[in-house]
Each structure stands twice: as C-alpha cells, then as structure tokens.
>>> print(open('work37.cif').read())   # mmCIF, C-alpha atoms
data_upload
loop_
_atom_site.label_atom_id
_atom_site.label_comp_id
_atom_site.auth_asym_id
_atom_site.auth_seq_id
_atom_site.Cartn_x
_atom_site.Cartn_y
_atom_site.Cartn_z
CA MET A 1 0.00 0.00 0.00
CA ASN A 2 1.08 3.55 -0.62
CA GLY A 3 1.61 4.31 3.04
CA ALA A 4 3.89 6.54 5.07
CA HIS A 5 6.18 3.53 5.60
CA ASP A 6 7.19 3.55 1.91
CA MET A 7 9.78 6.29 2.30
CA GLY A 8 12.34 5.77 -0.43
CA GLY A 9 12.90 9.05 -2.27
CA MET A 10 10.63 11.23 -0.11
CA HIS A 11 11.74 14.77 0.63
CA GLY A 12 11.46 16.76 3.81
CA PHE A 13 12.70 14.51 6.61
CA GLY A 14 15.90 16.46 7.23
CA PRO A 15 19.39 15.19 8.02
CA VAL A 16 20.22 11.73 9.37
CA CYS A 17 20.63 12.20 13.13
CA ARG A 18 23.00 9.81 14.83
CA ALA A 19 23.76 9.27 18.50
CA PRO A 20 27.28 8.16 19.41
CA ASN A 21 27.47 4.92 21.39
CA GLU A 22 23.72 4.44 21.21
CA ALA A 23 22.28 1.83 23.57
CA VAL A 24 20.47 -1.16 22.07
CA PHE A 25 17.30 -0.25 23.99
CA HIS A 26 16.27 3.17 25.25
CA ALA A 27 13.75 2.22 27.92
CA GLU A 28 12.65 -0.87 29.81
CA TRP A 29 9.36 -1.07 27.90
CA GLU A 30 11.33 -1.34 24.65
CA ARG A 31 13.13 -4.40 26.08
CA ARG A 32 9.86 -6.02 27.09
CA MET A 33 8.20 -5.26 23.75
CA PHE A 34 11.15 -6.69 21.85
CA GLY A 35 11.02 -9.80 24.03
CA ILE A 36 7.27 -10.24 23.51
CA ALA A 37 7.69 -9.88 19.74
CA ALA A 38 10.51 -12.42 19.73
CA ALA A 39 8.74 -14.94 21.97
CA VAL A 40 5.08 -14.83 21.01
CA PRO A 41 5.40 -16.35 17.50
CA TYR A 42 6.47 -19.63 19.13
CA ALA A 43 3.01 -19.90 20.73
CA VAL A 44 0.76 -18.00 18.30
CA PRO A 45 1.41 -18.14 14.56
CA LEU A 46 2.41 -14.56 13.67
CA GLY A 47 4.38 -14.03 10.50
CA ASP A 48 6.55 -11.08 9.58
CA ASP A 49 4.28 -10.33 6.62
CA HIS A 50 1.31 -9.89 8.94
CA LEU A 51 3.38 -7.84 11.37
CA ARG A 52 4.41 -5.49 8.58
CA ARG A 53 0.90 -5.38 7.14
CA ASN A 54 -0.55 -4.26 10.46
CA ILE A 55 2.18 -1.64 10.93
CA GLU A 56 1.36 -0.27 7.49
CA ARG A 57 -2.32 0.00 8.44
CA ILE A 58 -1.52 2.43 11.26
CA PRO A 59 -2.75 5.85 10.09
CA ALA A 60 0.06 7.70 8.33
CA HIS A 61 0.25 10.63 10.76
CA GLU A 62 0.50 8.23 13.68
CA TYR A 63 3.05 6.00 11.94
CA LEU A 64 5.35 8.99 11.59
CA ALA A 65 4.88 10.13 15.18
CA VAL A 66 4.96 7.10 17.46
CA PRO A 67 8.14 5.39 18.75
CA TYR A 68 9.43 2.39 16.82
CA TYR A 69 8.56 -0.26 19.38
CA GLU A 70 5.10 1.23 19.81
CA LEU A 71 4.54 0.32 16.14
CA TRP A 72 5.43 -3.23 17.14
CA PHE A 73 3.04 -3.07 20.10
CA ARG A 74 0.14 -1.89 17.96
CA SER A 75 0.78 -4.45 15.24
CA ILE A 76 1.25 -7.43 17.54
CA SER A 77 -1.57 -6.65 19.93
CA GLY A 78 -3.85 -6.17 16.93
CA LEU A 79 -2.82 -9.52 15.44
CA LEU A 80 -3.32 -11.28 18.78
CA ILE A 81 -6.82 -9.83 18.99
CA GLU A 82 -7.56 -10.83 15.37
CA GLN A 83 -6.45 -14.37 16.15
CA GLY A 84 -8.58 -14.57 19.26
CA ALA A 85 -5.59 -15.06 21.55
CA ILE A 86 -6.46 -11.96 23.58
CA THR A 87 -9.29 -9.43 23.62
CA GLU A 88 -9.47 -5.63 23.61
CA ASP A 89 -11.05 -5.83 27.01
CA GLU A 90 -8.23 -7.90 28.47
CA LEU A 91 -5.69 -5.48 27.09
CA ALA A 92 -7.52 -2.54 28.60
CA ARG A 93 -7.73 -4.20 32.02
CA GLY A 94 -4.35 -5.90 31.96
CA THR A 95 -5.66 -9.24 33.16
CA ALA A 96 -6.51 -12.42 31.33
CA ALA A 97 -10.23 -13.22 31.26
CA PHE A 98 -10.14 -16.63 29.65
CA ALA A 99 -8.04 -19.75 29.72
CA PRO A 100 -4.82 -20.19 27.79
CA LEU A 101 -5.08 -21.29 24.19
CA SER A 102 -1.66 -22.84 24.19
CA GLN A 103 1.12 -23.93 26.45
CA ASP A 104 3.70 -23.86 23.70
CA ALA A 105 5.56 -20.81 24.99
CA VAL A 106 9.28 -20.82 24.27
CA ARG A 107 11.16 -21.44 27.54
CA PRO A 108 14.28 -19.60 28.69
CA SER A 109 16.44 -22.67 28.05
CA GLY A 110 15.21 -22.82 24.45
CA VAL A 111 15.80 -19.22 23.46
CA ALA A 112 19.40 -19.39 22.26
CA GLN A 113 18.63 -22.35 20.00
CA ALA A 114 15.43 -20.70 18.74
CA VAL A 115 17.39 -17.62 17.72
CA ARG A 116 20.11 -19.73 16.13
CA ASP A 117 17.51 -21.73 14.18
CA GLY A 118 15.66 -18.64 12.96
CA ALA A 119 12.58 -18.91 10.77
CA SER A 120 13.48 -18.75 7.11
CA ALA A 121 10.95 -17.47 4.60
CA ARG A 122 12.59 -19.66 1.97
CA ALA A 123 9.83 -21.86 0.56
CA GLU A 124 9.75 -25.58 1.25
CA VAL A 125 9.42 -26.42 -2.42
CA SER A 126 12.14 -27.44 -4.82
CA ASP A 127 10.71 -26.23 -8.08
CA VAL A 128 8.27 -23.64 -9.38
CA PRO A 129 7.90 -22.23 -12.90
CA GLN A 130 10.59 -19.64 -13.57
CA ARG A 131 10.51 -17.11 -16.41
CA LEU A 132 13.56 -15.03 -15.51
CA ALA A 133 17.29 -15.44 -15.03
CA PRO A 134 20.22 -13.19 -14.08
CA GLY A 135 21.01 -10.82 -16.94
CA ASP A 136 17.40 -10.48 -18.06
CA ILE A 137 15.95 -7.02 -18.56
CA VAL A 138 12.70 -6.61 -16.65
CA ARG A 139 10.03 -4.02 -15.93
CA VAL A 140 8.47 -3.72 -12.48
CA SER A 141 4.68 -3.81 -12.39
CA ASN A 142 3.10 -0.41 -11.97
CA ASP A 143 0.51 -1.55 -9.47
CA HIS A 144 -0.57 0.47 -6.47
CA PRO A 145 -2.40 -2.09 -4.37
CA ALA A 146 -4.16 -1.08 -1.18
CA TYR A 147 -2.78 -4.28 0.39
CA HIS A 148 0.69 -5.12 1.67
CA THR A 149 3.39 -5.30 -1.00
CA ARG A 150 7.18 -5.27 -0.87
CA VAL A 151 7.53 -3.27 -4.07
CA PRO A 152 8.73 0.20 -3.05
CA ARG A 153 6.83 2.99 -4.82
CA TYR A 154 9.97 4.51 -6.28
CA VAL A 155 10.70 1.46 -8.43
CA ARG A 156 7.25 0.84 -9.91
CA GLY A 157 7.22 0.82 -13.70
CA CYS A 158 11.02 1.03 -13.86
CA VAL A 159 13.25 -1.12 -16.04
CA GLY A 160 16.25 -2.92 -14.59
CA ARG A 161 18.44 -5.97 -14.90
CA VAL A 162 18.10 -9.16 -12.90
CA MET A 163 21.34 -9.44 -10.93
CA ILE A 164 20.85 -12.37 -8.50
CA ASP A 165 18.35 -15.22 -8.32
CA HIS A 166 17.96 -15.83 -4.57
CA GLY A 167 15.81 -18.93 -5.00
CA ILE A 168 12.21 -19.61 -4.02
CA PHE A 169 10.51 -17.61 -1.28
CA ASP A 170 6.96 -17.22 -0.04
CA PHE A 171 5.19 -14.23 -1.59
CA PRO A 172 4.30 -11.56 1.00
CA ASP A 173 1.75 -9.84 -1.23
CA THR A 174 -0.57 -12.85 -1.06
CA LYS A 175 0.56 -14.24 2.29
CA ALA A 176 -0.29 -11.04 4.15
CA GLN A 177 -3.81 -11.21 2.70
CA ASP A 178 -4.20 -14.84 3.79
CA ALA A 179 -4.42 -15.71 0.09
CA GLY A 180 -1.71 -18.37 0.10
CA ALA A 181 2.08 -18.48 0.18
CA CYS A 182 2.44 -18.55 -3.65
CA PRO A 183 6.13 -19.50 -3.49
CA GLN A 184 8.18 -18.08 -6.36
CA HIS A 185 11.65 -16.92 -7.29
CA CYS A 186 12.92 -13.76 -5.66
CA TYR A 187 15.58 -11.67 -7.40
CA SER A 188 17.84 -8.73 -6.77
CA VAL A 189 17.12 -6.38 -9.67
CA GLU A 190 19.51 -3.53 -10.37
CA PHE A 191 18.33 -0.15 -11.64
CA THR A 192 20.31 2.89 -12.68
CA ALA A 193 19.65 5.94 -10.54
CA SER A 194 18.58 7.84 -13.67
CA GLU A 195 15.96 5.17 -14.47
CA ILE A 196 14.39 5.80 -11.09
CA TRP A 197 15.08 9.46 -10.37
CA GLY A 198 15.41 10.84 -13.89
CA ALA A 199 17.91 13.59 -14.58
CA ASP A 200 18.35 13.99 -10.83
CA GLY A 201 19.84 10.51 -10.43
CA ASP A 202 23.51 10.18 -9.56
CA PRO A 203 25.08 8.75 -12.75
CA THR A 204 27.52 6.69 -10.68
CA SER A 205 24.97 5.01 -8.44
CA THR A 206 22.63 2.09 -8.92
CA LEU A 207 19.92 0.54 -6.76
CA ALA A 208 19.43 -3.14 -6.07
CA VAL A 209 15.88 -3.98 -5.03
CA ASP A 210 14.61 -7.45 -4.11
CA LEU A 211 11.47 -8.36 -6.04
CA TRP A 212 9.44 -11.49 -6.69
CA GLU A 213 8.70 -12.94 -10.10
CA SER A 214 5.05 -11.76 -9.96
CA HIS A 215 6.30 -8.16 -9.80
CA LEU A 216 8.35 -8.45 -12.98
CA THR A 217 7.79 -8.83 -16.72
CA PRO A 218 10.44 -9.24 -19.41
CA ALA A 219 11.23 -5.91 -21.06
CA GLU A 220 13.40 -4.27 -23.68
CA GLU A 221 16.44 -2.47 -22.41
CA THR A 222 15.82 1.27 -22.09
CA ALA A 223 18.81 2.27 -20.04
CA PRO A 224 22.23 0.69 -19.67
CA CYS A 225 22.79 -0.64 -16.19
CA MET B 1 14.17 12.07 17.79
CA HIS B 2 15.35 12.78 21.27
CA ASP B 3 15.46 10.32 24.04
CA HIS B 4 16.16 12.19 27.21
CA HIS B 5 15.73 10.55 30.55
CA ASP B 6 12.61 12.62 31.32
CA HIS B 7 10.93 11.30 28.22
CA ASP B 8 11.64 7.70 29.21
CA TYR B 9 10.47 8.33 32.76
CA ASP B 10 7.13 9.64 31.48
CA ALA B 11 6.76 6.64 29.21
CA GLU B 12 7.38 4.30 32.15
CA GLU B 13 4.63 5.96 34.17
CA SER B 14 1.93 6.08 31.55
CA GLY B 15 0.96 5.29 28.03
CA ILE B 16 2.93 2.78 26.06
CA ALA B 17 4.99 1.40 28.95
CA LEU B 18 1.85 0.48 30.85
CA ARG B 19 0.21 -1.00 27.78
CA VAL B 20 3.26 -3.17 27.08
CA LYS B 21 3.23 -4.26 30.72
CA ALA B 22 -0.46 -5.19 30.39
CA LEU B 23 0.23 -7.17 27.22
CA GLU B 24 3.08 -9.10 28.86
CA GLN B 25 0.89 -9.85 31.89
CA ILE B 26 -1.99 -11.20 29.80
CA LEU B 27 0.28 -13.31 27.62
CA THR B 28 2.04 -14.67 30.70
CA ASP B 29 -1.27 -15.50 32.40
CA LYS B 30 -2.33 -17.42 29.30
CA GLY B 31 0.93 -19.32 29.08
CA LEU B 32 1.74 -17.82 25.69
CA VAL B 33 4.99 -16.25 26.82
CA ASP B 34 7.41 -17.05 29.62
CA PRO B 35 8.83 -13.85 31.16
CA GLY B 36 12.16 -15.63 31.60
CA ALA B 37 12.28 -16.26 27.86
CA LEU B 38 11.67 -12.56 27.25
CA ASP B 39 14.64 -11.82 29.50
CA ALA B 40 16.71 -14.32 27.53
CA PHE B 41 15.88 -12.76 24.15
CA VAL B 42 16.70 -9.31 25.48
CA GLU B 43 19.95 -10.50 27.04
CA LEU B 44 21.07 -12.14 23.80
CA PHE B 45 20.47 -9.06 21.67
CA GLU B 46 21.61 -6.55 24.27
CA ASN B 47 24.86 -8.29 25.19
CA ARG B 48 25.82 -11.15 22.89
CA ILE B 49 24.61 -10.61 19.34
CA GLY B 50 25.94 -7.37 17.89
CA PRO B 51 28.44 -5.80 15.50
CA GLN B 52 31.29 -7.70 17.16
CA CYS B 53 29.87 -10.81 15.46
CA GLY B 54 30.07 -9.26 12.00
CA ALA B 55 33.50 -7.84 12.83
CA ALA B 56 34.78 -11.37 13.47
CA VAL B 57 33.44 -12.43 10.07
CA VAL B 58 35.14 -9.49 8.34
CA ALA B 59 38.44 -10.10 10.12
CA ARG B 60 38.37 -13.76 9.13
CA ALA B 61 37.65 -12.84 5.50
CA TRP B 62 40.54 -10.35 5.48
CA SER B 63 42.88 -12.96 6.96
CA ASP B 64 41.89 -16.04 5.00
CA GLU B 65 41.29 -15.88 1.22
CA GLY B 66 39.60 -19.28 1.23
CA TYR B 67 37.15 -18.13 3.89
CA LYS B 68 36.48 -14.92 1.99
CA ALA B 69 35.65 -16.90 -1.14
CA ARG B 70 33.23 -19.11 0.81
CA LEU B 71 31.71 -16.04 2.48
CA LEU B 72 30.96 -14.38 -0.84
CA ASP B 73 29.73 -17.62 -2.38
CA ASP B 74 27.37 -18.75 0.42
CA SER B 75 27.30 -16.21 3.21
CA SER B 76 24.89 -18.06 5.50
CA ALA B 77 27.03 -21.21 5.41
CA ALA B 78 30.24 -19.25 5.94
CA ILE B 79 29.03 -17.37 9.02
CA ALA B 80 27.80 -20.69 10.41
CA GLU B 81 31.47 -21.75 10.45
CA LEU B 82 31.89 -19.07 13.14
CA GLY B 83 28.78 -20.26 14.99
CA LEU B 84 26.64 -17.40 13.67
CA GLY B 85 23.28 -17.30 11.92
CA GLY B 86 19.57 -17.55 12.54
CA LEU B 87 16.82 -15.07 13.25
CA GLN B 88 16.68 -12.25 10.68
CA GLY B 89 19.74 -13.57 8.93
CA GLU B 90 18.62 -16.96 7.70
CA ASN B 91 19.39 -15.87 4.14
CA LEU B 92 22.43 -13.65 4.34
CA VAL B 93 24.32 -12.12 1.43
CA VAL B 94 27.68 -10.44 2.05
CA LEU B 95 28.56 -7.63 -0.37
CA GLU B 96 32.21 -6.94 -1.07
CA ASN B 97 33.42 -3.37 -1.38
CA THR B 98 36.13 -2.99 -4.02
CA ASP B 99 37.96 -0.24 -5.87
CA GLU B 100 35.10 -0.31 -8.38
CA VAL B 101 31.98 -0.50 -6.24
CA HIS B 102 30.92 0.65 -2.79
CA ASN B 103 27.87 -1.03 -1.28
CA VAL B 104 25.43 0.48 1.20
CA VAL B 105 22.36 -1.17 2.75
CA VAL B 106 18.95 0.23 3.67
CA CYS B 107 15.40 -0.96 4.24
CA THR B 108 13.14 1.77 2.87
CA LEU B 109 9.91 -0.07 3.78
CA CYS B 110 10.62 -1.02 7.38
CA SER B 111 13.76 -1.93 9.30
CA CYS B 112 15.21 -5.17 7.84
CA TYR B 113 18.73 -5.67 9.14
CA PRO B 114 21.10 -8.66 9.46
CA TRP B 115 20.63 -9.44 13.18
CA PRO B 116 23.04 -12.41 13.52
CA VAL B 117 26.01 -10.31 12.41
CA LEU B 118 25.06 -6.74 13.42
CA GLY B 119 22.49 -7.19 16.20
CA LEU B 120 19.53 -4.81 16.32
CA PRO B 121 19.71 -1.67 14.17
CA PRO B 122 20.52 1.79 15.52
CA ARG B 123 17.77 4.40 15.46
CA TRP B 124 19.16 6.29 12.49
CA TYR B 125 18.95 3.17 10.32
CA LYS B 126 15.21 2.91 11.09
CA SER B 127 14.64 6.64 10.74
CA ALA B 128 12.75 8.45 7.99
CA PRO B 129 15.72 10.62 6.96
CA TYR B 130 17.99 7.64 6.25
CA ARG B 131 15.31 5.50 4.59
CA SER B 132 14.08 8.33 2.38
CA ARG B 133 17.42 9.79 1.36
CA VAL B 134 20.05 7.09 0.94
CA VAL B 135 18.33 5.62 -2.11
CA ARG B 136 18.05 9.00 -3.81
CA GLU B 137 21.21 10.82 -2.78
CA PRO B 138 23.60 8.16 -1.47
CA ARG B 139 26.70 10.22 -2.03
CA ALA B 140 25.36 13.09 0.08
CA VAL B 141 24.27 10.76 2.89
CA LEU B 142 27.60 8.95 2.88
CA ALA B 143 29.41 12.30 3.04
CA GLU B 144 27.47 13.12 6.22
CA PHE B 145 28.90 9.92 7.70
CA GLY B 146 32.39 11.04 6.70
CA THR B 147 32.55 8.75 3.69
CA VAL B 148 33.81 10.69 0.70
CA LEU B 149 34.34 8.33 -2.22
CA PRO B 150 36.21 8.99 -5.44
CA GLU B 151 33.82 10.54 -7.97
CA ASP B 152 34.03 7.57 -10.29
CA ARG B 153 33.45 4.99 -7.53
CA ARG B 154 30.15 3.31 -8.27
CA ILE B 155 27.73 3.21 -5.34
CA ARG B 156 25.27 0.35 -5.22
CA VAL B 157 22.44 0.87 -2.75
CA TRP B 158 20.74 -2.34 -1.61
CA ASP B 159 17.12 -1.96 -0.51
CA SER B 160 16.28 -4.96 1.69
CA SER B 161 12.77 -5.36 0.32
CA ALA B 162 12.60 -9.17 0.68
CA GLU B 163 13.86 -11.72 3.20
CA ILE B 164 17.48 -11.52 2.12
CA ARG B 165 19.66 -9.72 4.66
CA TYR B 166 22.77 -7.86 3.56
CA MET B 167 26.09 -7.09 5.22
CA VAL B 168 28.94 -5.17 3.63
CA LEU B 169 32.49 -6.55 3.61
CA PRO B 170 34.56 -3.36 3.84
CA GLN B 171 37.90 -3.00 2.11
CA ARG B 172 40.82 -3.83 4.36
CA PRO B 173 42.46 -0.53 5.27
CA ALA B 174 46.03 0.16 4.26
CA GLY B 175 48.62 -0.24 7.00
CA THR B 176 47.00 -3.30 8.58
CA ALA B 177 49.28 -5.95 7.06
CA GLY B 178 50.84 -6.92 10.38
CA MET B 179 47.61 -7.18 12.34
CA ASP B 180 46.22 -10.51 13.48
CA GLU B 181 42.56 -11.47 13.25
CA ALA B 182 41.63 -10.23 16.72
CA ALA B 183 43.27 -6.86 16.11
CA LEU B 184 41.57 -6.58 12.71
CA ALA B 185 38.17 -7.30 14.27
CA GLY B 186 38.81 -4.39 16.59
CA ILE B 187 38.94 -1.88 13.76
CA VAL B 188 35.74 -3.03 12.01
CA THR B 189 32.74 -0.81 12.75
CA ARG B 190 29.00 -1.36 12.57
CA ASP B 191 28.58 1.49 10.11
CA GLY B 192 31.36 0.05 7.98
CA MET B 193 29.33 -3.15 7.66
CA ILE B 194 26.16 -1.21 6.77
CA GLY B 195 28.24 0.64 4.21
CA THR B 196 27.71 4.18 5.46
CA ALA B 197 31.07 4.80 7.06
CA PRO B 198 34.69 4.13 6.18
CA LEU B 199 36.85 2.14 8.56
#
>>> encode(input="work37.cif", output="structure tokens")
Amino acid sequence: MNGAHDMGGMHGFGPVCRAPNEAVFHAEWERRMFGIAAAVPYAVPLGDDHLRRNIERIPAHEYLAVPYYELWFRSISGLLIEQGAITEDELARGTAAFAPLSQDAVRPSGVAQAVRDGASARAEVSDVPQRLAPGDIVRVSNDHPAYHTRVPRYVRGCVGRVMIDHGIFDFPDTKAQDAGACPQHCYSVEFTASEIWGADGDPTSTLAVDLWESHLTPAEETAPC
Amino acid sequence: MHDHHDHDYDAEESGIALRVKALEQILTDKGLVDPGALDAFVELFENRIGPQCGAAVVARAWSDEGYKARLLDDSSAAIAELGLGGLQGENLVVLENTDEVHNVVVCTLCSCYPWPVLGLPPRWYKSAPYRSRVVREPRAVLAEFGTVLPEDRRIRVWDSSAEIRYMVLPQRPAGTAGMDEAALAGIVTRDGMIGTAPL
C-alpha cells in the first residue's frame, strides 16, 4: 500500500541524526516489547508479513509520530486480537479473562537455540515455474495495491536488470492477505539511478531492489545498467 | 528524535509502557509467553549478538582468502562456520566493497537488518531521513557519515525489500598488514558493515 512507511525518495525529513554509542534499547518497555515480539510467534502463529501489514495500516500521521517499538506493540496486539488469543477488554484491564489457548511458549532454556535456528521465509518447495534469469531485462509492475506489498513505490514501472536469483521464497503480497504463500523466485534487480530518479539521479549510483517474479515482466532495455 | 531521561520516565509511568506491561501480563497468564524467555531474548540481543559478530566475520575474510571466497559464495554457510546465523539472517548475502563499487544497505519499507552479524539496528537506520534519502542521494548521505568516495566509484544501494539480509564486507584498510585477526576485528565498525562509514 502507498503508506507513510514507503519512504524511499521522499523529501522533507531532514538530516540523518546519529547518536554516538547508542544503547540497544532506550527504555525498559522497549526491552519487554522486543522480548514479547521475539517470543510470542512460538506460541501464536504470527508471521513477519502480517506484522508489517498491520504496521502499514496504522494511520500515516501516527506511523510517523509514534516510537518504533510502539509500532510493534500496535501491530502485535492487533494480530493477537484478530487471532482470538487476547481481547481488547483484556488489554484494557491488563488481566486475562479466559483460559490459555496454548502452552507452547518458548522457555528460557530454548531461546538461544530458537534464535540460532531462525525462521526462514525460503519456501519448502524445490521447483516452481521460472521465467527469468540473471542478466534479463525486466520491468516492475506499476501496481498500487491497497494491500501489503514489498515493491517500493519509487521502483514501480522502472526497467532494470536481474542481478541475482535468490531462490524460491513465499510471496508476502498474497501471504499477508491470507491468500496463500504462492512461493516463487525472488531476485535482486539492479536499476540505474537515472531510471528511477530521472535527470536527478547520480550517474555513478545504482539501486538493487529485491522483487518477486510476480512483480516483474520481461522488457526491452531502455537504459544501460 | 530525542530520548532524554525525562521522556523515558514519562513513558514508564503512563501510556505505552503500561500498555506493554499489560500485554506481557496477559500473555504470561495465558501461558503464551514465559517472562524468563523474554529476558533471555533481550539478554542475547543486548549483550551477545551485535556488530562484534560481524566484525569477526570481516576479520576472518581479510585474513583467509579461502574463507572470503566461501563467504561471498554462500554467506549463511560461511558465518555458520563461526557459529553465527539464525533469526533475521537466515538468508544472508555479504557484499564486497572494491575499488570499483561501494555497497550500502537500507530498508526503505521497514527496518530489515542482518541481526546475527550486526544485532539490532541503531535508530538512524530505522529513521525516515535515512530510509528516504540514501536511495536517492547516497553520495550526500555517505558524506554526512564522513565517507567521501572517489567521484568515479560506483555506489550500489541495496534496498532490503525481501527476506534476504545484507552485510557489507569493507575494504581492508592500508597499513593493517601486520595485524592478526583479533586486532583486525577491533577496527571493524558497525557502520562500515552497513556501508555508510569508512573504517
């Protein structure tokens, strides 16, 4: 969706402000929120695509104003309510009103291994139809869906060259809508800065954007990469 | 974005801090999270998993050509040789800086970042100014970080828009020929592995 989260190329945000020797967390509630986000998917199925989708649904003016981990809080609490794991009322009162749905919580002794194992989005399939290969010239679809997509606005309709085939991954655009995983090849596609930004583009810079096969169609070369 | 103590204190007393506390309490009551596991996740990412992990990878690559070749060929497998990998780095790609190309990494859509090698991202990486600008004016943003590249050096900006996570392998600085791996790891910086800063 064309939300406030899709920031590539926007003007008006000012300089990049950096803090020397910044701490990993800035308040205790950030630690707890990070911990909840890390732990809860082991008991309730919450995928990154749904987490991002719900963050993107936060009204734009609020997205830009609230602290980072509050975005996580809003997304995750919303997903837990959607899934029936908790209710609005429980959240407002801070006490559980009904029995646990699951006892599958990750335990302290299992955390290090859980982190080491990760949760790859690489699809559990060995083969899907593939129309593209590194070196191919492709055009990015010029779609502006109201749903979650990983195609940044700035690259829509642009022509680039497939640089890397990363293999087969689940497709967030359908997964986040609960419309299936639609596993397909995911590629790094390289674009010249002038293809994206026009005459303003730095002639010595290029952009590599990761896109799925459904986002791309074969094209004629319009700009050397 | 300021983060003074007063601001944190207010947050602890009201608003989001209380709501997070309520969420943890409910999830604990229901057996969906174990507070000790939350502590363990926090401890790992606050104290154990951070840029020092990536620095060890870089130092090994600078010291061992065979390792460097494996790292560039299959980054996830190569960092596993050092006991690294996992959450938010299951599919890692290491990008080599050379005399021809300088790589820099961003996530314009959210905050994707290679946790197993760099830990959790700093605020500026997640901020609107960095996400909006580095794709459009990379040379200007890099200059603000003190990175002034030769005019003909190609800059390749990697937008982490899928589930691949990227880390930059910086060029080994001149004058480091006599340094051992541990000493080399000591000169590698987080920003050098994001690609915004020189070493």
>>> residues_around(input="work37.cif", residues="A:His11", least_positions_apart="5", cutoff="10 Å", atoms="all atoms listed in the file", output="ChimeraX atom specification")
/B:128-129,132-133,136
>>> interface_residues(input="work37.cif", of="chain B", to="chain A", cutoff="7 Å", atoms="only C-alpha atoms", output="PyMOL selection string")
chain B and resi 8+16-17+20+22-26+29-34+36-42+46+85-88+90+108-110+120+124+128-133+135-136+152-163
>>> write_last_selection(input="work37.cif", atoms="C-alpha atoms", output="short mmCIF file (atom, residue, chain, number, x, y, z; two decimals), in the coordinates of the input")
data_model
loop_
_atom_site.label_atom_id
_atom_site.label_comp_id
_atom_site.auth_asym_id
_atom_site.auth_seq_id
_atom_site.Cartn_x
_atom_site.Cartn_y
_atom_site.Cartn_z
CA ASP B 8 11.64 7.70 29.21
CA ILE B 16 2.93 2.78 26.06
CA ALA B 17 4.99 1.40 28.95
CA VAL B 20 3.26 -3.17 27.08
CA ALA B 22 -0.46 -5.19 30.39
CA LEU B 23 0.23 -7.17 27.22
CA GLU B 24 3.08 -9.10 28.86
CA GLN B 25 0.89 -9.85 31.89
CA ILE B 26 -1.99 -11.20 29.80
CA ASP B 29 -1.27 -15.50 32.40
CA LYS B 30 -2.33 -17.42 29.30
CA GLY B 31 0.93 -19.32 29.08
CA LEU B 32 1.74 -17.82 25.69
CA VAL B 33 4.99 -16.25 26.82
CA ASP B 34 7.41 -17.05 29.62
CA GLY B 36 12.16 -15.63 31.60
CA ALA B 37 12.28 -16.26 27.86
CA LEU B 38 11.67 -12.56 27.25
CA ASP B 39 14.64 -11.82 29.50
CA ALA B 40 16.71 -14.32 27.53
CA PHE B 41 15.88 -12.76 24.15
CA VAL B 42 16.70 -9.31 25.48
CA GLU B 46 21.61 -6.55 24.27
CA GLY B 85 23.28 -17.30 11.92
CA GLY B 86 19.57 -17.55 12.54
CA LEU B 87 16.82 -15.07 13.25
CA GLN B 88 16.68 -12.25 10.68
CA GLU B 90 18.62 -16.96 7.70
CA THR B 108 13.14 1.77 2.87
CA LEU B 109 9.91 -0.07 3.78
CA CYS B 110 10.62 -1.02 7.38
CA LEU B 120 19.53 -4.81 16.32
CA TRP B 124 19.16 6.29 12.49
CA ALA B 128 12.75 8.45 7.99
CA PRO B 129 15.72 10.62 6.96
CA TYR B 130 17.99 7.64 6.25
CA ARG B 131 15.31 5.50 4.59
CA SER B 132 14.08 8.33 2.38
CA ARG B 133 17.42 9.79 1.36
CA VAL B 135 18.33 5.62 -2.11
CA ARG B 136 18.05 9.00 -3.81
CA ASP B 152 34.03 7.57 -10.29
CA ARG B 153 33.45 4.99 -7.53
CA ARG B 154 30.15 3.31 -8.27
CA ILE B 155 27.73 3.21 -5.34
CA ARG B 156 25.27 0.35 -5.22
CA VAL B 157 22.44 0.87 -2.75
CA TRP B 158 20.74 -2.34 -1.61
CA ASP B 159 17.12 -1.96 -0.51
CA SER B 160 16.28 -4.96 1.69
CA SER B 161 12.77 -5.36 0.32
CA ALA B 162 12.60 -9.17 0.68
CA GLU B 163 13.86 -11.72 3.20
#
>>> resolve_selection(input="work37.cif", expression="the PyMOL selection byres ((chain B and resi 169-179) around 7)", output="PDB file with C-alpha atoms, in the coordinates of the input")
ATOM      1  CA  VAL B  58      35.140  -9.490   8.340  1.00  0.00           C
ATOM      2  CA  TRP B  62      40.540 -10.350   5.480  1.00  0.00           C
ATOM      3  CA  VAL B  94      27.680 -10.440   2.050  1.00  0.00           C
ATOM      4  CA  LEU B  95      28.560  -7.630  -0.370  1.00  0.00           C
ATOM      5  CA  GLU B  96      32.210  -6.940  -1.070  1.00  0.00           C
ATOM      6  CA  ASN B  97      33.420  -3.370  -1.380  1.00  0.00           C
ATOM      7  CA  THR B  98      36.130  -2.990  -4.020  1.00  0.00           C
ATOM      8  CA  MET B 167      26.090  -7.090   5.220  1.00  0.00           C
ATOM      9  CA  VAL B 168      28.940  -5.170   3.630  1.00  0.00           C
ATOM     10  CA  ASP B 180      46.220 -10.510  13.480  1.00  0.00           C
ATOM     11  CA  GLU B 181      42.560 -11.470  13.250  1.00  0.00           C
ATOM     12  CA  ALA B 183      43.270  -6.860  16.110  1.00  0.00           C
ATOM     13  CA  LEU B 184      41.570  -6.580  12.710  1.00  0.00           C
ATOM     14  CA  GLY B 192      31.360   0.050   7.980  1.00  0.00           C
ATOM     15  CA  MET B 193      29.330  -3.150   7.660  1.00  0.00           C
TER      16      MET B 193
END
>>> atom_distance(input="work37.cif", atom1="atom CA of A:Pro145", atom2="atom CA of A:Arg57")
13.0 Å
>>> closest_residue(input="work37.cif", among="A:Ala146, A:Cys182, A:Met163, A:Cys158", to="A:Pro129", atoms="all atoms listed in the file")
A:Cys182
>>> atom_distance(input="work37.cif", atom1="atom CA of B:Leu118", atom2="atom CA of B:Gly50")
4.6 Å
>>> residues_around(input="work37.cif", residues="A:Val138", least_positions_apart="5", cutoff="9 Å", atoms="all atoms listed in the file", output="list in words")
Leu132, Cys158, Val159, Gly160, Arg161, Val162, Val189, Leu216, Thr217, Pro218, Ala219, Glu220 and Glu221 of chain A
>>> atom_distance(input="work37.cif", atom1="atom CA of A:Ala199", atom2="atom CA of A:Val140")
19.8 Å
>>> closest_residue(input="work37.cif", among="A:Ala176, A:Ile164, A:Val155, A:Ile137", to="A:Leu79", atoms="all atoms listed in the file")
A:Ala176
>>> residues_around(input="work37.cif", residues="A:Asp173", least_positions_apart="6", cutoff="9 Å", atoms="all atoms listed in the file", output="NGL selection string")
:A and (49 or 147-150 or 179 or 181)
>>> closest_residue(input="work37.cif", among="B:Val106, B:Ala61, B:Ile164, B:Leu199", to="A:Asp165", atoms="only C-alpha atoms")
B:Ile164
>>> resolve_selection(input="work37.cif", expression="the PyMOL selection byres ((chain B and resi 55) around 9)", output="PyMOL selection string")
chain B and resi 51-54+56-60+117-118+184-190+193
>>> residues_around(input="work37.cif", residues="B:Glu81", least_positions_apart="5", cutoff="10 Å", atoms="all atoms listed in the file", output="list of chain:residue names")
B:Val57, B:Tyr67, B:Leu71, B:Ser76
>>> resolve_selection(input="work37.cif", expression="the PyMOL selection byres ((chain A and resi 125) around 9)", output="JSON, numbers by chain")
{"A": [122, 123, 124, 126, 127, 128, 168, 169, 183]}
